[in-house]
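Read the structure below first, then the notes.
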Amino acid sequence: MKTLEVEVVRVKITLACTECKQRNYNMTKEKKNHPERMETKKYCKFCRTHTMHKETK
């Protein structure tokens, strides 16, 4: 009986604040499930408020 090994490919991404442009968070995501750039609302310690953060290169 053979078992198939499935390789999960997760890519490192960096999230940057849309207001002050500081890179605050490092995360990983699955490219297969989320091919588009990620956007989420997170706390920015430089702005001291919750702002939108976008995925950068």
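Each chain in the structure tokens gets a letter, A, B, ..., in the order shown, and its residues are numbered from 1; ligands are numbered from 1 in order too.
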Requested in this report: Might you pull out every residue within 12 Å of Gln22 of chain A, with only C-alpha atoms counted and same-chain residues fewer than 5 positions away left off, and present them as an MDAnalysis selection string?
Outcome: chainID A and resid 14:17 43:47 51:56
Writer output for current selection, N, CA, C and O atoms, as a PDB file, in the first residue's frame:
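Saved as again-v2.pdb:
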```pdb
ATOM      1  N   THR A  14       5.050  39.854   3.729  1.00  0.00           N
ATOM      2  CA  THR A  14       5.184  40.970   4.657  1.00  0.00           C
ATOM      3  C   THR A  14       3.991  41.879   4.483  1.00  0.00           C
ATOM      4  O   THR A  14       3.600  42.187   3.356  1.00  0.00           O
ATOM      5  N   LEU A  15       3.404  42.309   5.602  1.00  0.00           N
ATOM      6  CA  LEU A  15       2.274  43.232   5.556  1.00  0.00           C
ATOM      7  C   LEU A  15       2.757  44.627   5.929  1.00  0.00           C
ATOM      8  O   LEU A  15       3.488  44.802   6.905  1.00  0.00           O
ATOM      9  N   ALA A  16       2.329  45.618   5.144  1.00  0.00           N
ATOM     10  CA  ALA A  16       2.725  47.007   5.389  1.00  0.00           C
ATOM     11  C   ALA A  16       1.478  47.853   5.613  1.00  0.00           C
ATOM     12  O   ALA A  16       0.452  47.650   4.966  1.00  0.00           O
ATOM     13  N   CYS A  17       1.588  48.803   6.504  1.00  0.00           N
ATOM     14  CA  CYS A  17       0.488  49.730   6.801  1.00  0.00           C
ATOM     15  C   CYS A  17       0.231  50.620   5.584  1.00  0.00           C
ATOM     16  O   CYS A  17       1.173  51.110   4.963  1.00  0.00           O
ATOM     17  N   TYR A  43      -3.342  46.121  13.847  1.00  0.00           N
ATOM     18  CA  TYR A  43      -2.866  47.233  14.662  1.00  0.00           C
ATOM     19  C   TYR A  43      -1.486  47.670  14.192  1.00  0.00           C
ATOM     20  O   TYR A  43      -0.577  46.858  14.017  1.00  0.00           O
ATOM     21  N   CYS A  44      -1.322  48.973  13.986  1.00  0.00           N
ATOM     22  CA  CYS A  44      -0.029  49.554  13.620  1.00  0.00           C
ATOM     23  C   CYS A  44       0.526  50.275  14.845  1.00  0.00           C
ATOM     24  O   CYS A  44      -0.097  51.209  15.349  1.00  0.00           O
ATOM     25  N   LYS A  45       1.703  49.835  15.301  1.00  0.00           N
ATOM     26  CA  LYS A  45       2.285  50.452  16.502  1.00  0.00           C
ATOM     27  C   LYS A  45       2.839  51.842  16.237  1.00  0.00           C
ATOM     28  O   LYS A  45       3.052  52.612  17.165  1.00  0.00           O
ATOM     29  N   PHE A  46       3.065  52.185  14.961  1.00  0.00           N
ATOM     30  CA  PHE A  46       3.568  53.509  14.621  1.00  0.00           C
ATOM     31  C   PHE A  46       2.427  54.530  14.557  1.00  0.00           C
ATOM     32  O   PHE A  46       2.562  55.662  15.009  1.00  0.00           O
ATOM     33  N   CYS A  47       1.287  54.116  13.997  1.00  0.00           N
ATOM     34  CA  CYS A  47       0.099  54.984  13.930  1.00  0.00           C
ATOM     35  C   CYS A  47      -0.711  54.931  15.222  1.00  0.00           C
ATOM     36  O   CYS A  47      -1.538  55.808  15.472  1.00  0.00           O
ATOM     37  N   THR A  51      -5.360  49.883  11.269  1.00  0.00           N
ATOM     38  CA  THR A  51      -5.384  50.355   9.894  1.00  0.00           C
ATOM     39  C   THR A  51      -5.346  49.151   8.953  1.00  0.00           C
ATOM     40  O   THR A  51      -5.057  48.038   9.354  1.00  0.00           O
ATOM     41  N   MET A  52      -5.619  49.409   7.692  1.00  0.00           N
ATOM     42  CA  MET A  52      -5.521  48.353   6.684  1.00  0.00           C
ATOM     43  C   MET A  52      -4.049  48.078   6.395  1.00  0.00           C
ATOM     44  O   MET A  52      -3.250  49.003   6.266  1.00  0.00           O
ATOM     45  N   HIS A  53      -3.709  46.819   6.293  1.00  0.00           N
ATOM     46  CA  HIS A  53      -2.353  46.389   5.957  1.00  0.00           C
ATOM     47  C   HIS A  53      -2.422  45.569   4.679  1.00  0.00           C
ATOM     48  O   HIS A  53      -3.291  44.702   4.553  1.00  0.00           O
ATOM     49  N   LYS A  54      -1.525  45.856   3.728  1.00  0.00           N
ATOM     50  CA  LYS A  54      -1.495  45.153   2.449  1.00  0.00           C
ATOM     51  C   LYS A  54      -0.202  44.367   2.323  1.00  0.00           C
ATOM     52  O   LYS A  54       0.830  44.747   2.873  1.00  0.00           O
ATOM     53  N   GLU A  55      -0.293  43.300   1.552  1.00  0.00           N
ATOM     54  CA  GLU A  55       0.875  42.466   1.297  1.00  0.00           C
ATOM     55  C   GLU A  55       1.852  43.214   0.390  1.00  0.00           C
ATOM     56  O   GLU A  55       1.469  43.829  -0.598  1.00  0.00           O
ATOM     57  N   THR A  56       3.138  43.170   0.745  1.00  0.00           N
ATOM     58  CA  THR A  56       4.176  43.798  -0.059  1.00  0.00           C
ATOM     59  C   THR A  56       5.101  42.717  -0.606  1.00  0.00           C
ATOM     60  O   THR A  56       4.966  41.546  -0.267  1.00  0.00           O
TER      61      THR A  56
END
```
Fewer than 3 positions away in the same chain doesn't count, so skip those; otherwise give me all residues within 6 Å of Thr28 of chain A, counting only C-alpha atoms, as a PDB file with all heavy atoms, in the first residue's frame.
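New file around_19.pdb:
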```
ATOM      1  N   ARG A  10       3.903  26.957   1.559  1.00  0.00           N
ATOM      2  CA  ARG A  10       3.518  28.225   2.176  1.00  0.00           C
ATOM      3  C   ARG A  10       4.598  29.252   1.842  1.00  0.00           C
ATOM      4  O   ARG A  10       5.785  28.967   1.917  1.00  0.00           O
ATOM      5  CB  ARG A  10       3.346  28.072   3.681  1.00  0.00           C
ATOM      6  CG  ARG A  10       2.163  27.175   4.017  1.00  0.00           C
ATOM      7  CD  ARG A  10       1.796  27.217   5.466  1.00  0.00           C
ATOM      8  NE  ARG A  10       1.230  28.466   5.911  1.00  0.00           N
ATOM      9  CZ  ARG A  10      -0.070  28.781   5.825  1.00  0.00           C
ATOM     10  NH1 ARG A  10      -0.904  27.949   5.294  1.00  0.00           N
ATOM     11  NH2 ARG A  10      -0.506  29.935   6.265  1.00  0.00           N
ATOM     12  N   VAL A  11       4.166  30.465   1.496  1.00  0.00           N
ATOM     13  CA  VAL A  11       5.064  31.524   1.064  1.00  0.00           C
ATOM     14  C   VAL A  11       5.121  32.596   2.149  1.00  0.00           C
ATOM     15  O   VAL A  11       4.099  32.966   2.716  1.00  0.00           O
ATOM     16  CB  VAL A  11       4.552  32.135  -0.259  1.00  0.00           C
ATOM     17  CG1 VAL A  11       5.460  33.231  -0.737  1.00  0.00           C
ATOM     18  CG2 VAL A  11       4.402  31.062  -1.305  1.00  0.00           C
ATOM     19  N   LYS A  12       6.336  33.080   2.437  1.00  0.00           N
ATOM     20  CA  LYS A  12       6.486  34.166   3.411  1.00  0.00           C
ATOM     21  C   LYS A  12       6.041  35.479   2.774  1.00  0.00           C
ATOM     22  O   LYS A  12       6.417  35.787   1.642  1.00  0.00           O
ATOM     23  CB  LYS A  12       7.937  34.297   3.852  1.00  0.00           C
ATOM     24  CG  LYS A  12       8.412  33.175   4.712  1.00  0.00           C
ATOM     25  CD  LYS A  12       9.835  33.423   5.146  1.00  0.00           C
ATOM     26  CE  LYS A  12      10.352  32.269   5.961  1.00  0.00           C
ATOM     27  NZ  LYS A  12      11.745  32.470   6.367  1.00  0.00           N
ATOM     28  N   ILE A  13       5.229  36.249   3.509  1.00  0.00           N
ATOM     29  CA  ILE A  13       4.791  37.563   3.026  1.00  0.00           C
ATOM     30  C   ILE A  13       5.017  38.598   4.120  1.00  0.00           C
ATOM     31  O   ILE A  13       5.161  38.250   5.287  1.00  0.00           O
ATOM     32  CB  ILE A  13       3.300  37.561   2.608  1.00  0.00           C
ATOM     33  CG1 ILE A  13       2.398  37.210   3.792  1.00  0.00           C
ATOM     34  CG2 ILE A  13       3.061  36.631   1.446  1.00  0.00           C
ATOM     35  CD1 ILE A  13       0.941  37.479   3.541  1.00  0.00           C
TER      36      ILE A  13
END
```
Requested in this report: State, in Å with one decimal place, the distance from atom CA of Val8 of chain A to atom CA of Lys57 of chain A.
Outcome: 20.9 Å
